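One structure below.
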Amino acid sequence: MKTVCHVLPYLAEGGTEKTAYNIIRGLAHRYRMLLLAPSGRALDDFLALDVQYTAFPALKGNVIKKIKSYKRALEGLHEAGPIDLLHIHAAHEFVSFSRTVLPEVPVVFHLHSHQGSGISKCYNYRLSAFIAKRKADTLIAVSDEERRIIVENGFPADRVVVVYNGFDPAGGDDPREIERIRRENGLQGRIVIGNMGRLNRTKRLSVLIEAFRMLQRETALPVSLLIVGEGPDRARLERIARRTASGRDVVFTGYINRGDRILKIFDLFVLPTSYEGCSNVLVEAMSKALPIVTTDIPSVRWMFEQGKNALLFREDDTADLCRGMLTLIQSERMRDALSRGARERFEKYFSMDRMLRGVEEVYERTFAARER
C-alpha cells in the first residue's frame, strides 16, 4: 500500500479542509494516509479518521524558524515511511519547501482557489503557476474556471486535471440540532433565509443583510436571516445588522461543527460571494435539495443553470438579490423546481464517488509516470 502525505497550511473550518478530509476518508482503504498540518479547529475531525497526524507551527511570526520545523517534520515522516506521494493543498510555498527536502517524491498540488483582493489573487495565481510549473508533477484544479486562470498564468495545460469538489450526504441531518437552533433563536413558524461558511469579506454577506432589509419592506411574511459560521468579518456584519431595522431578525450562531447536518433549517440558501473555486457549501446545499440564490459571476455561474437549479443575481446588486429572494418565498412551485434541479445537478457532477475517482486517477497516473 503506497503512502500519501497530505499537507495543509491550516486546519480551520473552510472548504480546503473539507476537501482534504473527504479525500483522506474516501481513499484510506487504497493508500496509507498521513496528515502534516498546524493544529486548528478541524483537527478533531481528521483525528477521528485515525489518520497519522504530525504537527508543524503555522507560518506566522518567525517564519524562517517555522519553515525549518516543517522541513524537519516532513523529513522525519519520510524516514519513518517512506512517503510515496505528497498531496499539497492550497499553499504553493509548501510545494517549494517540500521539494528541497524530498526532491525525488512526486508532488500533486491541489489548487483550491485564491481569495482576497483582485491584486492579491492576481499575484497568488501567478506565483502558484510559477512555483508549481517547476516543482509539482500535477496540478488539480477544482473547476474549469480555475484551470483557465492557472493556465493563463503560465502553468502547462497538459499537467492540469480538473476534479470538482464532492460531498457525501450519507451523514444525514440532525433534526434535534435544527429544532434547538429554531427554538433558541425564535425561528419557529418563520421562513429562514441564510448562509453558512467562513465569515470573510469575499463572501459579501453585507449585501445579503442589506437585501434582507429590503425584503422585509416588500413582504408581510415572517422572515428571518440566519448566518452560521465564524470569521474575521463577523463583528462588522453584526454592526451592519444592528444598524438596520431588521437587526432583531438577523441571527448569528457562530461556528457549528458538521454544519452540513443542519442545512435543512434553511428555506432558502443564499451565497452573495464575490469569488469561489468550487464552493463546498453550494455543493452541500445542492445535495440537500435547497433552493439556492447566488452570484452571477464566472467562478459560480459554471455550477448552475439559471432558473433550473438556482437563481443567479447581479454581483453586489441588493435590489436584484431582493427580487430573487422575494420570488422564491412567494412561489412554492419555483422553490420545488429549483430544489429538484439542484439535487439532480449534484448527483451528476458533485458526488463523492466522482471526486474520489478523479483524485485516484491523478495518483495512479503520477505513480506510473515516475515509474517509467
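Here, A, B, ... name the chains of the C-alpha cells in the order displayed, residue numbers run from 1 inside each chain, and ligands are numbered from 1 in the same displayed order.
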Next on the checklist: Env of Gly324 in chain A: 8 Å cut, atoms = only C-alpha atoms, seq-sep filter 2 positions within chain, self excluded. Answer as a list in words.
Outcome noted: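 Contacts, with the query itself left out: Val293, Leu311, Leu312, Phe313, Asp320, Leu321, Cys322, Leu326, Thr327 and Leu328 of chain A.
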Store the residues of this selection in a file with N, CA and C atoms, as a PDB file, in the first residue's frame.
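Output saved as result.pdb:
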```
ATOM      1  N   VAL A 293     -29.913  30.838  -4.092  1.00  0.00           N
ATOM      2  CA  VAL A 293     -29.722  32.122  -4.774  1.00  0.00           C
ATOM      3  C   VAL A 293     -28.252  32.480  -4.596  1.00  0.00           C
ATOM      4  N   LEU A 311     -31.175  30.495  -8.711  1.00  0.00           N
ATOM      5  CA  LEU A 311     -31.382  31.839  -9.244  1.00  0.00           C
ATOM      6  C   LEU A 311     -30.081  32.605  -9.055  1.00  0.00           C
ATOM      7  N   LEU A 312     -29.599  33.232 -10.113  1.00  0.00           N
ATOM      8  CA  LEU A 312     -28.365  33.996 -10.076  1.00  0.00           C
ATOM      9  C   LEU A 312     -28.696  35.483 -10.125  1.00  0.00           C
ATOM     10  N   PHE A 313     -28.038  36.268  -9.282  1.00  0.00           N
ATOM     11  CA  PHE A 313     -28.293  37.714  -9.265  1.00  0.00           C
ATOM     12  C   PHE A 313     -27.014  38.474  -9.588  1.00  0.00           C
ATOM     13  N   ASP A 320     -31.548  43.353  -6.953  1.00  0.00           N
ATOM     14  CA  ASP A 320     -31.705  42.120  -7.735  1.00  0.00           C
ATOM     15  C   ASP A 320     -31.742  40.901  -6.818  1.00  0.00           C
ATOM     16  N   LEU A 321     -30.908  40.892  -5.789  1.00  0.00           N
ATOM     17  CA  LEU A 321     -30.935  39.801  -4.815  1.00  0.00           C
ATOM     18  C   LEU A 321     -32.268  39.773  -4.078  1.00  0.00           C
ATOM     19  N   CYS A 322     -32.757  40.939  -3.686  1.00  0.00           N
ATOM     20  CA  CYS A 322     -34.056  41.013  -3.001  1.00  0.00           C
ATOM     21  C   CYS A 322     -35.160  40.444  -3.888  1.00  0.00           C
ATOM     22  N   LEU A 326     -37.526  37.305  -2.949  1.00  0.00           N
ATOM     23  CA  LEU A 326     -38.970  37.536  -2.885  1.00  0.00           C
ATOM     24  C   LEU A 326     -39.716  36.587  -3.815  1.00  0.00           C
ATOM     25  N   THR A 327     -39.191  36.402  -5.023  1.00  0.00           N
ATOM     26  CA  THR A 327     -39.808  35.486  -5.982  1.00  0.00           C
ATOM     27  C   THR A 327     -39.931  34.086  -5.393  1.00  0.00           C
ATOM     28  N   LEU A 328     -38.867  33.632  -4.731  1.00  0.00           N
ATOM     29  CA  LEU A 328     -38.864  32.262  -4.219  1.00  0.00           C
ATOM     30  C   LEU A 328     -39.758  32.090  -2.992  1.00  0.00           C
TER      31      LEU A 328
END
```
Next on the checklist: Can you tell me which residues surround Ala73 in chain A at a distance of at most 9 Å, considering only C-alpha atoms, apart from same-chain residues fewer than 4 positions away, and format the answer as a VMD selection string?
Outcome noted: chain A and resid 36 54 to 56 68 to 69 77 to 78
Checklist entry - If you run DSSP on the backbone, which residues of range 144-175 of chain A are strand (DSSP E or B), as a PyMOL selection string? => result chain A and resi 160-162+167
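For range 158-162 of chain A, the non-local neighbours within 10 Å, defined as residues at least 6 positions apart in the same chain or in other chains and counting only C-alpha atoms, are Phe109, His110, Leu111, Lys133, Ala136, Asp137, Thr138, Leu139, Ile140, Ala141, Val142, Ser143, Asp144, Glu145, Glu146, Arg147, Arg148, Ile150, Val151, Met355, Gly358, Val359, Glu361 and Val362 of chain A.
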Would you put the residues from that selection into a file with N, CA and C atoms, as a JSON list (two decimals), in the first residue's frame?
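Below is the file again-v4.json, written as the result:
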```
[["chain", "number", "residue", "atom", "x", "y", "z"],
["A", 109, "PHE", "N", -0.17, 19.20, -6.53],
["A", 109, "PHE", "CA", -0.58, 20.47, -5.93],
["A", 109, "PHE", "C", -2.07, 20.68, -6.19],
["A", 110, "HIS", "N", -2.86, 20.77, -5.12],
["A", 110, "HIS", "CA", -4.31, 20.93, -5.22],
["A", 110, "HIS", "C", -4.64, 22.41, -5.06],
["A", 111, "LEU", "N", -4.97, 23.06, -6.16],
["A", 111, "LEU", "CA", -5.28, 24.49, -6.15],
["A", 111, "LEU", "C", -6.75, 24.68, -5.80],
["A", 133, "LYS", "N", 4.78, 24.98, -11.72],
["A", 133, "LYS", "CA", 5.32, 24.58, -13.02],
["A", 133, "LYS", "C", 6.69, 23.92, -12.87],
["A", 136, "ALA", "N", 5.95, 20.93, -9.11],
["A", 136, "ALA", "CA", 4.87, 19.93, -8.96],
["A", 136, "ALA", "C", 4.77, 19.06, -10.21],
["A", 137, "ASP", "N", 4.42, 17.80, -10.01],
["A", 137, "ASP", "CA", 4.21, 16.90, -11.14],
["A", 137, "ASP", "C", 2.86, 17.16, -11.81],
["A", 138, "THR", "N", 1.83, 17.37, -10.98],
["A", 138, "THR", "CA", 0.46, 17.55, -11.47],
["A", 138, "THR", "C", -0.24, 18.60, -10.63],
["A", 139, "LEU", "N", -1.14, 19.35, -11.24],
["A", 139, "LEU", "CA", -1.95, 20.33, -10.52],
["A", 139, "LEU", "C", -3.41, 19.94, -10.65],
["A", 140, "ILE", "N", -4.11, 19.85, -9.52],
["A", 140, "ILE", "CA", -5.56, 19.61, -9.53],
["A", 140, "ILE", "C", -6.25, 20.96, -9.41],
["A", 141, "ALA", "N", -7.09, 21.28, -10.38],
["A", 141, "ALA", "CA", -7.94, 22.48, -10.32],
["A", 141, "ALA", "C", -9.35, 22.04, -9.98],
["A", 142, "VAL", "N", -10.05, 22.83, -9.15],
["A", 142, "VAL", "CA", -11.38, 22.41, -8.68],
["A", 142, "VAL", "C", -12.50, 22.82, -9.63],
["A", 143, "SER", "N", -12.16, 23.51, -10.72],
["A", 143, "SER", "CA", -13.17, 23.87, -11.72],
["A", 143, "SER", "C", -12.48, 24.19, -13.03],
["A", 144, "ASP", "N", -13.25, 24.25, -14.10],
["A", 144, "ASP", "CA", -12.70, 24.62, -15.40],
["A", 144, "ASP", "C", -12.25, 26.08, -15.38],
["A", 145, "GLU", "N", -12.95, 26.91, -14.61],
["A", 145, "GLU", "CA", -12.56, 28.32, -14.50],
["A", 145, "GLU", "C", -11.19, 28.44, -13.81],
["A", 146, "GLU", "N", -10.98, 27.65, -12.75],
["A", 146, "GLU", "CA", -9.67, 27.65, -12.09],
["A", 146, "GLU", "C", -8.58, 27.15, -13.05],
["A", 147, "ARG", "N", -8.91, 26.15, -13.84],
["A", 147, "ARG", "CA", -7.96, 25.65, -14.82],
["A", 147, "ARG", "C", -7.59, 26.75, -15.81],
["A", 148, "ARG", "N", -8.60, 27.47, -16.30],
["A", 148, "ARG", "CA", -8.34, 28.54, -17.26],
["A", 148, "ARG", "C", -7.40, 29.59, -16.67],
["A", 150, "ILE", "N", -5.21, 29.38, -14.09],
["A", 150, "ILE", "CA", -3.84, 28.96, -13.82],
["A", 150, "ILE", "C", -3.07, 28.73, -15.11],
["A", 151, "VAL", "N", -3.73, 28.27, -16.16],
["A", 151, "VAL", "CA", -3.06, 28.09, -17.45],
["A", 151, "VAL", "C", -2.71, 29.45, -18.05],
["A", 355, "MET", "N", -15.58, 12.61, -7.26],
["A", 355, "MET", "CA", -14.36, 13.28, -6.83],
["A", 355, "MET", "C", -13.26, 12.29, -6.51],
["A", 358, "GLY", "N", -11.63, 10.79, -9.51],
["A", 358, "GLY", "CA", -10.74, 11.76, -10.15],
["A", 358, "GLY", "C", -9.41, 11.88, -9.44],
["A", 359, "VAL", "N", -9.43, 11.95, -8.11],
["A", 359, "VAL", "CA", -8.19, 12.06, -7.35],
["A", 359, "VAL", "C", -7.36, 10.78, -7.48],
["A", 361, "GLU", "N", -7.31, 8.69, -9.93],
["A", 361, "GLU", "CA", -6.71, 8.67, -11.27],
["A", 361, "GLU", "C", -5.46, 9.54, -11.32],
["A", 362, "VAL", "N", -5.49, 10.69, -10.66],
["A", 362, "VAL", "CA", -4.31, 11.55, -10.61],
["A", 362, "VAL", "C", -3.16, 10.83, -9.90]]
```
Checklist entry - Residues at most 10 Å from Val107 in chain A, counting only C-alpha atoms, excluding those fewer than 4 positions away in the same chain, as a list in words? => result Val4, Cys5, Asp84, Leu85, Leu86, His87, Ile88, Val95, Ser98, Arg99, Leu102, Pro103, Ala132, Lys135, Ala136, Asp137, Thr138, Leu139, Tyr363 and Thr366 of chain A
Between range 195-240 of chain A and range 179-187 of chain A, at 10 Å or less, what are the per-residue closest atom pairs and their distances in Å? Count only C-alpha atoms, order by chain and rising residue number, and return it as a tab-separated table.
```
residue	atom	partner	partner_atom	distance
A:Pro222	CA	A:Leu187	CA	9.4
A:Val223	CA	A:Leu187	CA	8.7
A:Ser224	CA	A:Leu187	CA	7.1
A:Leu225	CA	A:Leu187	CA	9.5
A:Leu226	CA	A:Leu187	CA	9.1
```
Restricted to N, CA and C atoms, what would the selected residues look like written as a compact mmCIF listing (two decimals), in the first residue's frame?
```txt
# COMPACT_ATOMS: atom_id res chain seq x y z
N PRO A 222 -43.47 36.27 7.62
CA PRO A 222 -42.48 36.26 8.71
C PRO A 222 -41.15 35.67 8.23
N VAL A 223 -40.14 36.50 8.05
CA VAL A 223 -38.86 36.04 7.53
C VAL A 223 -37.75 36.36 8.53
N SER A 224 -36.77 35.47 8.61
CA SER A 224 -35.57 35.69 9.42
C SER A 224 -34.35 35.36 8.60
N LEU A 225 -33.25 36.02 8.95
CA LEU A 225 -31.97 35.76 8.30
C LEU A 225 -31.05 35.07 9.30
N LEU A 226 -30.57 33.90 8.92
CA LEU A 226 -29.71 33.09 9.80
C LEU A 226 -28.34 32.96 9.16
```
Checklist entry - When distances are computed from only C-alpha atoms, which of A:Gly259, A:Gly61, A:Gly81, A:Gly14 shows the smallest separation from Met1 in chain A? => result A:Gly81
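Using only C-alpha atoms, the shortest contact distance between Gly171 in chain A and any of A:Ile119, A:Ile262, A:Leu221, A:Leu268 is found at A:Ile262.
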Next on the checklist: With distances taken over only C-alpha atoms, which residue among A:Asn257, A:Ser113, A:Ser274, A:Thr294 lies nearest Asn195 in chain A?
Outcome noted: A:Thr294
